[in-house]
$ cat work16.cif   # mmCIF, C-alpha atoms, pLDDT in the B column; chains and numbers go by the auth columns
data_coords
#
loop_
_atom_site.group_PDB
_atom_site.id
_atom_site.type_symbol
_atom_site.label_atom_id
_atom_site.label_comp_id
_atom_site.label_asym_id
_atom_site.label_seq_id
_atom_site.Cartn_x
_atom_site.Cartn_y
_atom_site.Cartn_z
_atom_site.B_iso_or_equiv
_atom_site.auth_seq_id
_atom_site.auth_asym_id
ATOM 1 C CA MET A 1 -85.474 70.963 -170.223 46.00 931 A
ATOM 2 C CA LYS A 2 -86.963 68.202 -168.077 48.00 932 A
ATOM 3 C CA ILE A 3 -90.441 68.713 -166.621 50.00 933 A
ATOM 4 C CA ASN A 4 -90.855 67.807 -162.974 53.00 934 A
ATOM 5 C CA VAL A 5 -94.486 66.965 -162.306 51.00 935 A
ATOM 6 C CA LYS A 6 -94.076 65.232 -158.957 49.00 936 A
ATOM 7 C CA ASN A 7 -95.080 68.243 -156.878 49.00 937 A
ATOM 8 C CA ASP A 8 -97.550 71.054 -157.402 49.00 938 A
ATOM 9 C CA THR A 9 -96.134 74.560 -157.468 56.00 939 A
ATOM 10 C CA SER A 10 -97.071 76.689 -154.482 56.00 940 A
ATOM 11 C CA ILE A 11 -97.828 79.799 -156.567 69.00 941 A
ATOM 12 C CA GLN A 12 -100.265 80.030 -159.480 81.00 942 A
ATOM 13 C CA ILE A 13 -100.194 83.148 -161.661 89.00 943 A
ATOM 14 C CA ASP A 14 -103.992 83.425 -161.696 87.00 944 A
ATOM 15 C CA ASN A 15 -104.214 83.331 -157.889 86.00 945 A
ATOM 16 C CA ILE A 16 -101.718 86.019 -156.912 90.00 946 A
ATOM 17 C CA PRO A 17 -101.825 89.844 -156.913 91.00 947 A
ATOM 18 C CA ASN A 18 -100.372 91.464 -160.040 91.00 948 A
ATOM 19 C CA GLU A 19 -97.499 92.978 -158.087 91.00 949 A
ATOM 20 C CA LYS A 20 -96.229 89.466 -157.254 93.00 950 A
ATOM 21 C CA ILE A 21 -95.990 88.339 -160.885 94.00 951 A
ATOM 22 C CA PRO A 22 -92.409 89.668 -161.310 94.00 952 A
ATOM 23 C CA SER A 23 -91.288 87.511 -158.375 93.00 953 A
ATOM 24 C CA LEU A 24 -92.204 84.303 -160.196 93.00 954 A
ATOM 25 C CA ARG A 25 -89.437 82.280 -161.852 93.00 955 A
ATOM 26 C CA TRP A 26 -89.208 83.808 -165.315 96.00 956 A
ATOM 27 C CA LEU A 27 -86.987 82.133 -167.903 95.00 957 A
ATOM 28 C CA THR A 28 -85.760 83.068 -171.371 96.00 958 A
ATOM 29 C CA LEU A 29 -86.700 80.719 -174.204 95.00 959 A
ATOM 30 C CA THR A 30 -83.228 79.203 -173.933 94.00 960 A
ATOM 31 C CA GLY A 31 -83.893 78.331 -170.288 93.00 961 A
ATOM 32 C CA ASN A 32 -81.826 81.028 -168.557 96.00 962 A
ATOM 33 C CA GLU A 33 -83.327 82.550 -165.435 96.00 963 A
ATOM 34 C CA VAL A 34 -84.284 86.237 -165.647 97.00 964 A
ATOM 35 C CA PRO A 35 -83.271 87.970 -162.391 96.00 965 A
ATOM 36 C CA ASN A 36 -85.686 90.905 -162.849 97.00 966 A
ATOM 37 C CA ILE A 37 -88.334 90.563 -165.558 97.00 967 A
ATOM 38 C CA ILE A 38 -89.437 94.213 -165.297 98.00 968 A
ATOM 39 C CA ASP A 39 -85.904 95.542 -165.768 98.00 969 A
ATOM 40 C CA GLU A 40 -85.342 93.086 -168.612 97.00 970 A
ATOM 41 C CA ILE A 41 -88.458 94.194 -170.506 98.00 971 A
ATOM 42 C CA LYS A 42 -87.800 97.907 -169.985 98.00 972 A
ATOM 43 C CA LYS A 43 -84.155 97.582 -171.016 97.00 973 A
ATOM 44 C CA ASN A 44 -85.130 95.858 -174.246 97.00 974 A
ATOM 45 C CA ILE A 45 -87.850 98.381 -175.079 97.00 975 A
ATOM 46 C CA GLU A 46 -85.448 101.283 -174.523 97.00 976 A
ATOM 47 C CA TYR A 47 -82.745 99.617 -176.618 96.00 977 A
ATOM 48 C CA TRP A 48 -84.987 98.814 -179.582 97.00 978 A
ATOM 49 C CA SER A 49 -86.834 102.140 -179.424 95.00 979 A
ATOM 50 C CA ASN A 50 -83.553 103.805 -180.399 94.00 980 A
ATOM 51 C CA ILE A 51 -83.098 101.499 -183.399 95.00 981 A
ATOM 52 C CA ILE A 52 -86.522 101.114 -185.030 95.00 982 A
ATOM 53 C CA GLU A 53 -89.884 102.866 -185.066 94.00 983 A
ATOM 54 C CA LYS A 54 -92.142 102.214 -182.096 92.00 984 A
ATOM 55 C CA ASP A 55 -94.906 100.828 -184.313 93.00 985 A
ATOM 56 C CA ARG A 56 -92.604 97.912 -185.150 96.00 986 A
ATOM 57 C CA LEU A 57 -92.494 96.828 -181.511 97.00 987 A
ATOM 58 C CA LYS A 58 -95.158 94.315 -180.534 97.00 988 A
ATOM 59 C CA PHE A 59 -96.018 92.314 -177.408 98.00 989 A
ATOM 60 C CA ILE A 60 -97.960 89.046 -177.486 98.00 990 A
ATOM 61 C CA VAL A 61 -99.006 86.968 -174.468 98.00 991 A
ATOM 62 C CA SER A 62 -100.120 83.361 -174.447 97.00 992 A
ATOM 63 C CA CYS A 63 -100.578 80.326 -172.224 95.00 993 A
ATOM 64 C CA ASP A 64 -100.613 76.680 -173.247 93.00 994 A
ATOM 65 C CA SER A 65 -100.752 73.472 -171.255 92.00 995 A
ATOM 66 C CA GLN A 66 -100.150 69.764 -171.495 90.00 996 A
ATOM 67 C CA ARG A 67 -101.195 66.815 -169.380 86.00 997 A
ATOM 68 C CA HIS A 68 -98.484 64.690 -167.776 84.00 998 A
ATOM 69 C CA GLY A 69 -100.297 61.829 -166.055 79.00 999 A
ATOM 70 C CA GLY A 70 -102.495 63.314 -163.353 79.00 1000 A
ATOM 71 C CA LYS A 71 -100.812 66.721 -163.589 85.00 1001 A
ATOM 72 C CA ILE A 72 -101.042 69.654 -165.985 89.00 1002 A
ATOM 73 C CA VAL A 73 -98.053 71.791 -166.939 91.00 1003 A
ATOM 74 C CA TYR A 74 -99.065 75.387 -167.769 93.00 1004 A
ATOM 75 C CA VAL A 75 -96.661 77.711 -169.582 94.00 1005 A
ATOM 76 C CA THR A 76 -97.423 81.438 -169.700 96.00 1006 A
ATOM 77 C CA THR A 77 -95.365 83.246 -172.328 97.00 1007 A
ATOM 78 C CA ILE A 78 -94.462 86.832 -173.233 98.00 1008 A
ATOM 79 C CA VAL A 79 -93.099 87.458 -176.724 98.00 1009 A
ATOM 80 C CA PHE A 80 -91.509 90.803 -177.627 98.00 1010 A
ATOM 81 C CA LEU A 81 -91.343 91.210 -181.409 97.00 1011 A
ATOM 82 C CA ARG A 82 -89.331 93.687 -183.432 96.00 1012 A
ATOM 83 C CA LYS A 83 -91.099 93.379 -186.774 93.00 1013 A
ATOM 84 C CA GLY A 84 -88.561 92.370 -189.389 92.00 1014 A
ATOM 85 C CA LEU A 85 -85.810 91.963 -186.789 95.00 1015 A
ATOM 86 C CA GLY A 86 -86.899 88.900 -184.825 94.00 1016 A
ATOM 87 C CA GLY A 87 -87.822 88.930 -181.180 95.00 1017 A
ATOM 88 C CA GLN A 88 -87.379 87.298 -177.818 95.00 1018 A
ATOM 89 C CA GLY A 89 -89.547 85.576 -175.290 97.00 1019 A
ATOM 90 C CA TYR A 90 -89.939 84.820 -171.604 97.00 1020 A
ATOM 91 C CA PHE A 91 -92.019 82.241 -169.809 96.00 1021 A
ATOM 92 C CA ILE A 92 -93.055 80.830 -166.462 94.00 1022 A
ATOM 93 C CA ARG A 93 -94.016 77.207 -165.922 93.00 1023 A
ATOM 94 C CA GLU A 94 -96.472 75.887 -163.347 92.00 1024 A
ATOM 95 C CA VAL A 95 -97.504 72.367 -162.429 90.00 1025 A
ATOM 96 C CA SER A 96 -101.019 71.720 -161.174 86.00 1026 A
ATOM 97 C CA SER A 97 -103.051 68.683 -160.222 78.00 1027 A
ATOM 98 C CA ILE A 98 -106.142 67.825 -162.290 71.00 1028 A
ATOM 99 C CA PRO A 99 -109.319 67.884 -160.176 62.00 1029 A
ATOM 100 C CA GLY A 100 -111.420 64.824 -160.894 57.00 1030 A
ATOM 101 C CA TYR A 101 -108.814 63.129 -163.081 57.00 1031 A
ATOM 102 C CA LYS A 102 -108.698 59.906 -161.049 57.00 1032 A
ATOM 103 C CA PHE A 103 -112.221 60.216 -159.748 56.00 1033 A
ATOM 104 C CA ARG A 104 -114.627 57.629 -161.139 58.00 1034 A
ATOM 105 C CA LEU A 105 -118.247 57.069 -160.164 57.00 1035 A
ATOM 106 C CA GLU A 106 -119.087 53.502 -159.238 66.00 1036 A
ATOM 107 C CA ASN A 107 -121.624 53.202 -162.061 73.00 1037 A
ATOM 108 C CA GLU A 108 -119.987 55.644 -164.447 74.00 1038 A
ATOM 109 C CA THR A 109 -120.999 54.954 -168.036 81.00 1039 A
ATOM 110 C CA LYS A 110 -118.883 55.606 -171.103 79.00 1040 A
ATOM 111 C CA GLN A 111 -120.977 58.707 -171.768 81.00 1041 A
ATOM 112 C CA ASP A 112 -120.433 59.917 -168.173 77.00 1042 A
ATOM 113 C CA LYS A 113 -116.684 59.470 -168.589 74.00 1043 A
ATOM 114 C CA ILE A 114 -116.702 61.455 -171.842 75.00 1044 A
ATOM 115 C CA LYS A 115 -118.554 64.305 -170.108 79.00 1045 A
ATOM 116 C CA ARG A 116 -116.141 64.242 -167.164 75.00 1046 A
ATOM 117 C CA ILE A 117 -113.092 64.348 -169.443 78.00 1047 A
ATOM 118 C CA GLN A 118 -114.676 67.149 -171.475 81.00 1048 A
ATOM 119 C CA ALA A 119 -115.236 69.140 -168.281 81.00 1049 A
ATOM 120 C CA ILE A 120 -111.558 68.688 -167.370 81.00 1050 A
ATOM 121 C CA ILE A 121 -110.490 69.879 -170.835 83.00 1051 A
ATOM 122 C CA GLN A 122 -112.761 72.915 -170.597 86.00 1052 A
ATOM 123 C CA ARG A 123 -111.401 73.832 -167.163 87.00 1053 A
ATOM 124 C CA ARG A 124 -107.861 73.510 -168.472 88.00 1054 A
ATOM 125 C CA LEU A 125 -108.565 75.747 -171.492 91.00 1055 A
ATOM 126 C CA TRP A 126 -110.250 78.315 -169.269 92.00 1056 A
ATOM 127 C CA ASN A 127 -107.242 78.292 -166.930 92.00 1057 A
ATOM 128 C CA GLU A 128 -104.966 78.968 -169.916 94.00 1058 A
ATOM 129 C CA CYS A 129 -107.109 81.957 -170.853 95.00 1059 A
ATOM 130 C CA VAL A 130 -107.204 83.396 -167.325 95.00 1060 A
ATOM 131 C CA LYS A 131 -103.439 83.044 -166.882 95.00 1061 A
ATOM 132 C CA ALA A 132 -102.758 84.777 -170.209 97.00 1062 A
ATOM 133 C CA VAL A 133 -105.175 87.629 -169.458 97.00 1063 A
ATOM 134 C CA LYS A 134 -103.747 88.134 -165.968 97.00 1064 A
ATOM 135 C CA CYS A 135 -100.226 88.297 -167.395 97.00 1065 A
ATOM 136 C CA ALA A 136 -101.287 90.690 -170.183 98.00 1066 A
ATOM 137 C CA LEU A 137 -103.012 93.050 -167.743 97.00 1067 A
ATOM 138 C CA TRP A 138 -99.881 93.129 -165.587 97.00 1068 A
ATOM 139 C CA LEU A 139 -97.565 93.592 -168.576 98.00 1069 A
ATOM 140 C CA ASP A 140 -99.613 96.547 -169.823 98.00 1070 A
ATOM 141 C CA THR A 141 -98.855 98.394 -166.579 97.00 1071 A
ATOM 142 C CA ILE A 142 -95.126 97.981 -167.307 97.00 1072 A
ATOM 143 C CA ILE A 143 -95.037 98.914 -170.991 98.00 1073 A
ATOM 144 C CA GLU A 144 -97.682 101.659 -171.070 97.00 1074 A
ATOM 145 C CA GLU A 145 -95.104 104.299 -170.098 96.00 1075 A
ATOM 146 C CA TYR A 146 -93.494 103.627 -173.491 97.00 1076 A
ATOM 147 C CA GLY A 147 -96.798 104.044 -175.311 96.00 1077 A
ATOM 148 C CA LEU A 148 -97.054 100.293 -175.856 97.00 1078 A
ATOM 149 C CA ARG A 149 -99.590 97.654 -174.861 97.00 1079 A
ATOM 150 C CA VAL A 150 -100.134 93.951 -175.368 98.00 1080 A
ATOM 151 C CA GLU A 151 -101.514 93.707 -178.900 96.00 1081 A
ATOM 152 C CA GLU A 152 -102.637 90.072 -178.946 98.00 1082 A
ATOM 153 C CA ILE A 153 -103.403 87.102 -176.726 98.00 1083 A
ATOM 154 C CA HIS A 154 -102.871 83.808 -178.519 97.00 1084 A
ATOM 155 C CA GLU A 155 -105.147 80.933 -177.491 94.00 1085 A
ATOM 156 C CA ASP A 156 -104.825 77.272 -178.447 87.00 1086 A
ATOM 157 C CA ILE A 157 -108.506 77.086 -179.413 85.00 1087 A
ATOM 158 C CA ASN A 158 -109.644 75.506 -182.652 75.00 1088 A
ATOM 159 C CA SER A 159 -112.145 77.229 -184.918 71.00 1089 A
ATOM 160 C CA ASN A 160 -113.115 73.844 -186.367 63.00 1090 A
ATOM 161 C CA LYS A 161 -116.200 72.485 -184.578 63.00 1091 A
ATOM 162 C CA LYS A 162 -114.980 68.885 -184.783 60.00 1092 A
ATOM 163 C CA TYR A 163 -112.341 69.610 -182.118 59.00 1093 A
ATOM 164 C CA ARG A 164 -113.174 69.558 -178.403 59.00 1094 A
ATOM 165 C CA SER A 165 -111.515 72.916 -177.765 58.00 1095 A
ATOM 166 C CA ASN A 166 -114.108 74.573 -180.025 71.00 1096 A
ATOM 167 C CA ASP A 167 -116.695 74.258 -177.227 77.00 1097 A
ATOM 168 C CA MET A 168 -114.870 77.029 -175.356 84.00 1098 A
ATOM 169 C CA LEU A 169 -114.330 79.317 -178.343 90.00 1099 A
ATOM 170 C CA LYS A 170 -117.087 81.870 -177.707 89.00 1100 A
ATOM 171 C CA ALA A 171 -116.466 82.093 -173.956 92.00 1101 A
ATOM 172 C CA ILE A 172 -112.708 82.574 -174.275 94.00 1102 A
ATOM 173 C CA VAL A 173 -112.811 84.978 -177.208 95.00 1103 A
ATOM 174 C CA GLY A 174 -115.561 86.967 -175.489 95.00 1104 A
ATOM 175 C CA TYR A 175 -113.616 87.229 -172.233 96.00 1105 A
ATOM 176 C CA ILE A 176 -110.398 88.358 -173.922 97.00 1106 A
ATOM 177 C CA GLU A 177 -112.254 90.998 -175.939 97.00 1107 A
ATOM 178 C CA ALA A 178 -114.151 92.148 -172.854 97.00 1108 A
ATOM 179 C CA VAL A 179 -110.910 93.027 -171.060 96.00 1109 A
ATOM 180 C CA GLY A 180 -109.641 94.909 -174.104 96.00 1110 A
ATOM 181 C CA PHE A 181 -107.265 92.549 -175.890 97.00 1111 A
ATOM 182 C CA LYS A 182 -107.308 91.019 -179.371 97.00 1112 A
ATOM 183 C CA PRO A 183 -107.753 87.221 -179.275 97.00 1113 A
ATOM 184 C CA ILE A 184 -105.920 85.121 -181.865 96.00 1114 A
ATOM 185 C CA ILE A 185 -106.919 81.460 -182.274 93.00 1115 A
ATOM 186 C CA LYS A 186 -105.760 78.516 -184.367 88.00 1116 A
ATOM 187 C CA PRO A 187 -104.316 78.320 -186.955 89.00 1117 A
ATOM 188 C CA ASN A 188 -102.842 81.794 -186.343 93.00 1118 A
ATOM 189 C CA ALA A 189 -102.068 81.473 -182.618 94.00 1119 A
ATOM 190 C CA TRP A 190 -98.427 80.638 -183.239 94.00 1120 A
ATOM 191 C CA VAL A 191 -97.143 81.766 -179.836 95.00 1121 A
ATOM 192 C CA ALA A 192 -99.446 79.219 -178.162 93.00 1122 A
ATOM 193 C CA SER A 193 -99.028 76.395 -180.661 90.00 1123 A
ATOM 194 C CA THR A 194 -95.266 76.647 -181.095 91.00 1124 A
ATOM 195 C CA ILE A 195 -93.444 78.580 -178.373 92.00 1125 A
ATOM 196 C CA ALA A 196 -95.625 77.962 -175.295 90.00 1126 A
ATOM 197 C CA ASP A 197 -96.441 74.428 -176.414 87.00 1127 A
ATOM 198 C CA SER A 198 -92.771 73.512 -176.756 91.00 1128 A
ATOM 199 C CA LYS A 199 -92.133 74.508 -173.120 91.00 1129 A
ATOM 200 C CA THR A 200 -94.904 72.244 -171.768 90.00 1130 A
ATOM 201 C CA LYS A 201 -93.187 69.042 -172.959 82.00 1131 A
#

$ encode --input "work16.cif" --output "structure tokens"
Amino acid sequence: MKINVKNDTSIQIDNIPNEKIPSLRWLTLTGNEVPNIIDEIKKNIEYWSNIIEKDRLKFIVSCDSQRHGGKIVYVTTIVFLRKGLGGQGYFIREVSSIPGYKFRLENETKQDKIKRIQAIIQRRLWNECVKAVKCALWLDTIIEEYGLRVEEIHEDINSNKKYRSNDMLKAIVGYIEAVGFKPIIKPNAWVASTIADSKTK
């Protein structure tokens, strides 16, 4: 699936009311458009609830991103697992400009540039977190009638201090826990590092 990064999207999941999230362009992992994401999720819960025990049903939310020139592609993903029987996923993709990416101070030193790039990376990681949390909070309102909730939010944050993403570890984990979800980070954040990541290419 080709990424078009020429134009910014007009809607960002973190900037809209929860009730508008279903109106975004949701796709299956095979790239098919989902006409009604709420109906799709409910239909699948009802189907699988008649086949296996409810405690084998699990929802995970994640967001990952990748830079394409002066743009960032964000992919927010919902994965519905049936433990032992596979699962399915849905995602939305957004394209955003990178504030400060082309900006350069007249006397910018190498150290200044490193700090500026680090700030851009931190903003991007924070945006991933906010998008995932917003989606998880919305999804909980849909699946709670079935006695389910989002069990985990997967974040592409490294626990190894030698990686730049580690700078945001405490802030992101703390925020996710504060709103009541379980944060999963690398190397166990497979929804972020495999599924969401593959859709940002």

$ closest_residue --input "work16.cif" --among "A:Arg1054, A:Lys1064, A:Lys1116, A:Arg955" --to "Ser1089 of chain A" --atoms "only C-alpha atoms"
A:Lys1116

$ resolve_selection --input "work16.cif" --expression "the PyMOL selection byres ((chain A and resi 957) around 10)" --output "MDAnalysis selection string"
chainID A and resid 954:956 958:965 967 1007 1019:1023

$ resolve_selection --input "work16.cif" --expression "the PyMOL selection byres ((chain A and resi 939-953) around 10)" --output "JSON, numbers by chain"
{"A": [935, 936, 937, 938, 954, 955, 956, 964, 965, 966, 967, 968, 969, 1004, 1006, 1022, 1023, 1024, 1025, 1026, 1027, 1057, 1058, 1059, 1060, 1061, 1062, 1063, 1064, 1065, 1067, 1068, 1069, 1071]}

$ closest_residue --input "work16.cif" --among "A:Ser995, A:Val1005, A:Ala1101, A:Ile1073" --to "Ile1051 of chain A" --atoms "all atoms listed in the file"
A:Ser995

$ atom_distance --input "work16.cif" --atom1 "atom CA of Lys973 of chain A" --atom2 "atom CA of Phe1010 of chain A"
12.0 Å

$ atom_distance --input "work16.cif" --atom1 "atom CA of Asp985 of chain A" --atom2 "atom CA of Asp1127 of chain A"
27.6 Å

$ atom_distance --input "work16.cif" --atom1 "atom CA of Asp1086 of chain A" --atom2 "atom CA of Glu1074 of chain A"
26.5 Å

$ residues_around --input "work16.cif" --residues "Phe1111 of chain A" --least-positions-apart "2" --cutoff "7 Å" --atoms "all atoms listed in the file" --output "JSON list (two decimals) with C-alpha atoms, in the coordinates of the input"
[["chain", "number", "residue", "atom", "x", "y", "z"],
["A", 1081, "GLU", "CA", -101.51, 93.71, -178.90],
["A", 1082, "GLU", "CA", -102.64, 90.07, -178.95],
["A", 1083, "ILE", "CA", -103.40, 87.10, -176.73],
["A", 1106, "ILE", "CA", -110.40, 88.36, -173.92],
["A", 1107, "GLU", "CA", -112.25, 91.00, -175.94],
["A", 1109, "VAL", "CA", -110.91, 93.03, -171.06],
["A", 1113, "PRO", "CA", -107.75, 87.22, -179.28]]

$ resolve_selection --input "work16.cif" --expression "the PyMOL selection byres ((chain A and resi 1001) around 6)" --output "PyMOL selection string"
chain A and resi 997-1000+1002+1026-1028

$ closest_residue --input "work16.cif" --among "A:Val1121, A:Leu1078, A:Ile1008, A:Ala1049" --to "Arg986 of chain A" --atoms "only C-alpha atoms"
A:Leu1078

$ axis_aligned_box --input "work16.cif" --around "segment 1041-1048 of chain A" --padding-each-side "3 Å" --output "AutoDock Vina command-line options"
--center_x -117.0 --center_y 62.9 --center_z -169.5 --size_x 13.9 --size_y 14.4 --size_z 10.7

$ closest_residue --input "work16.cif" --among "A:Ala1122, A:Ile1087, A:Phe989, A:Glu983" --to "Ile1072 of chain A" --atoms "only C-alpha atoms"
A:Phe989

$ residues_around --input "work16.cif" --residues "Trp978 of chain A" --least-positions-apart "2" --cutoff "12 Å" --atoms "only C-alpha atoms" --output "NGL selection string"
:A and (971-976 or 980-988 or 1010-1013 or 1015-1018 or 1076)

$ closest_residue --input "work16.cif" --among "A:Gly1077, A:Pro1117, A:Ser1123, A:Gln1052" --to "Ile1102 of chain A" --atoms "only C-alpha atoms"
A:Gln1052

$ decode --input "work16.cif" --residues "segment 966-979 of chain A" --atoms "N, CA, C and O atoms" --output "compact mmCIF listing (two decimals), in the first residue's frame"
# COMPACT_ATOMS: atom_id res chain seq x y z
N ASN A 966 -18.22 0.58 8.80
CA ASN A 966 -18.67 1.01 10.13
C ASN A 966 -17.85 0.26 11.17
O ASN A 966 -18.11 -0.91 11.45
N ILE A 967 -16.85 0.91 11.74
CA ILE A 967 -15.93 0.24 12.66
C ILE A 967 -16.63 -0.24 13.93
O ILE A 967 -16.30 -1.29 14.47
N ILE A 968 -17.63 0.51 14.40
CA ILE A 968 -18.35 0.09 15.61
C ILE A 968 -19.12 -1.21 15.35
O ILE A 968 -19.03 -2.16 16.13
N ASP A 969 -19.87 -1.24 14.25
CA ASP A 969 -20.61 -2.46 13.91
C ASP A 969 -19.66 -3.64 13.70
O ASP A 969 -19.95 -4.77 14.11
N GLU A 970 -18.54 -3.39 13.07
CA GLU A 970 -17.56 -4.44 12.80
C GLU A 970 -17.03 -5.05 14.10
O GLU A 970 -16.96 -6.27 14.25
N ILE A 971 -16.67 -4.19 15.05
CA ILE A 971 -16.13 -4.67 16.33
C ILE A 971 -17.20 -5.43 17.11
O ILE A 971 -16.94 -6.53 17.64
N LYS A 972 -18.40 -4.87 17.19
CA LYS A 972 -19.47 -5.54 17.93
C LYS A 972 -19.84 -6.89 17.32
O LYS A 972 -20.04 -7.88 18.02
N LYS A 973 -19.91 -6.93 15.99
CA LYS A 973 -20.25 -8.18 15.30
C LYS A 973 -19.22 -9.26 15.62
O LYS A 973 -19.58 -10.41 15.87
N ASN A 974 -17.96 -8.89 15.63
CA ASN A 974 -16.91 -9.87 15.89
C ASN A 974 -16.90 -10.33 17.35
O ASN A 974 -16.67 -11.51 17.63
N ILE A 975 -17.17 -9.40 18.27
CA ILE A 975 -17.25 -9.81 19.68
C ILE A 975 -18.40 -10.79 19.88
O ILE A 975 -18.24 -11.83 20.53
N GLU A 976 -19.56 -10.47 19.32
CA GLU A 976 -20.73 -11.33 19.48
C GLU A 976 -20.50 -12.71 18.86
O GLU A 976 -20.89 -13.74 19.42
N TYR A 977 -19.83 -12.73 17.71
CA TYR A 977 -19.56 -14.01 17.05
C TYR A 977 -18.63 -14.87 17.89
O TYR A 977 -18.93 -16.04 18.17
N TRP A 978 -17.51 -14.29 18.33
CA TRP A 978 -16.52 -15.07 19.06
C TRP A 978 -16.94 -15.38 20.50
O TRP A 978 -16.50 -16.37 21.07
N SER A 979 -17.83 -14.57 21.06
CA SER A 979 -18.33 -14.85 22.41
C SER A 979 -19.15 -16.13 22.45
O SER A 979 -19.30 -16.74 23.51
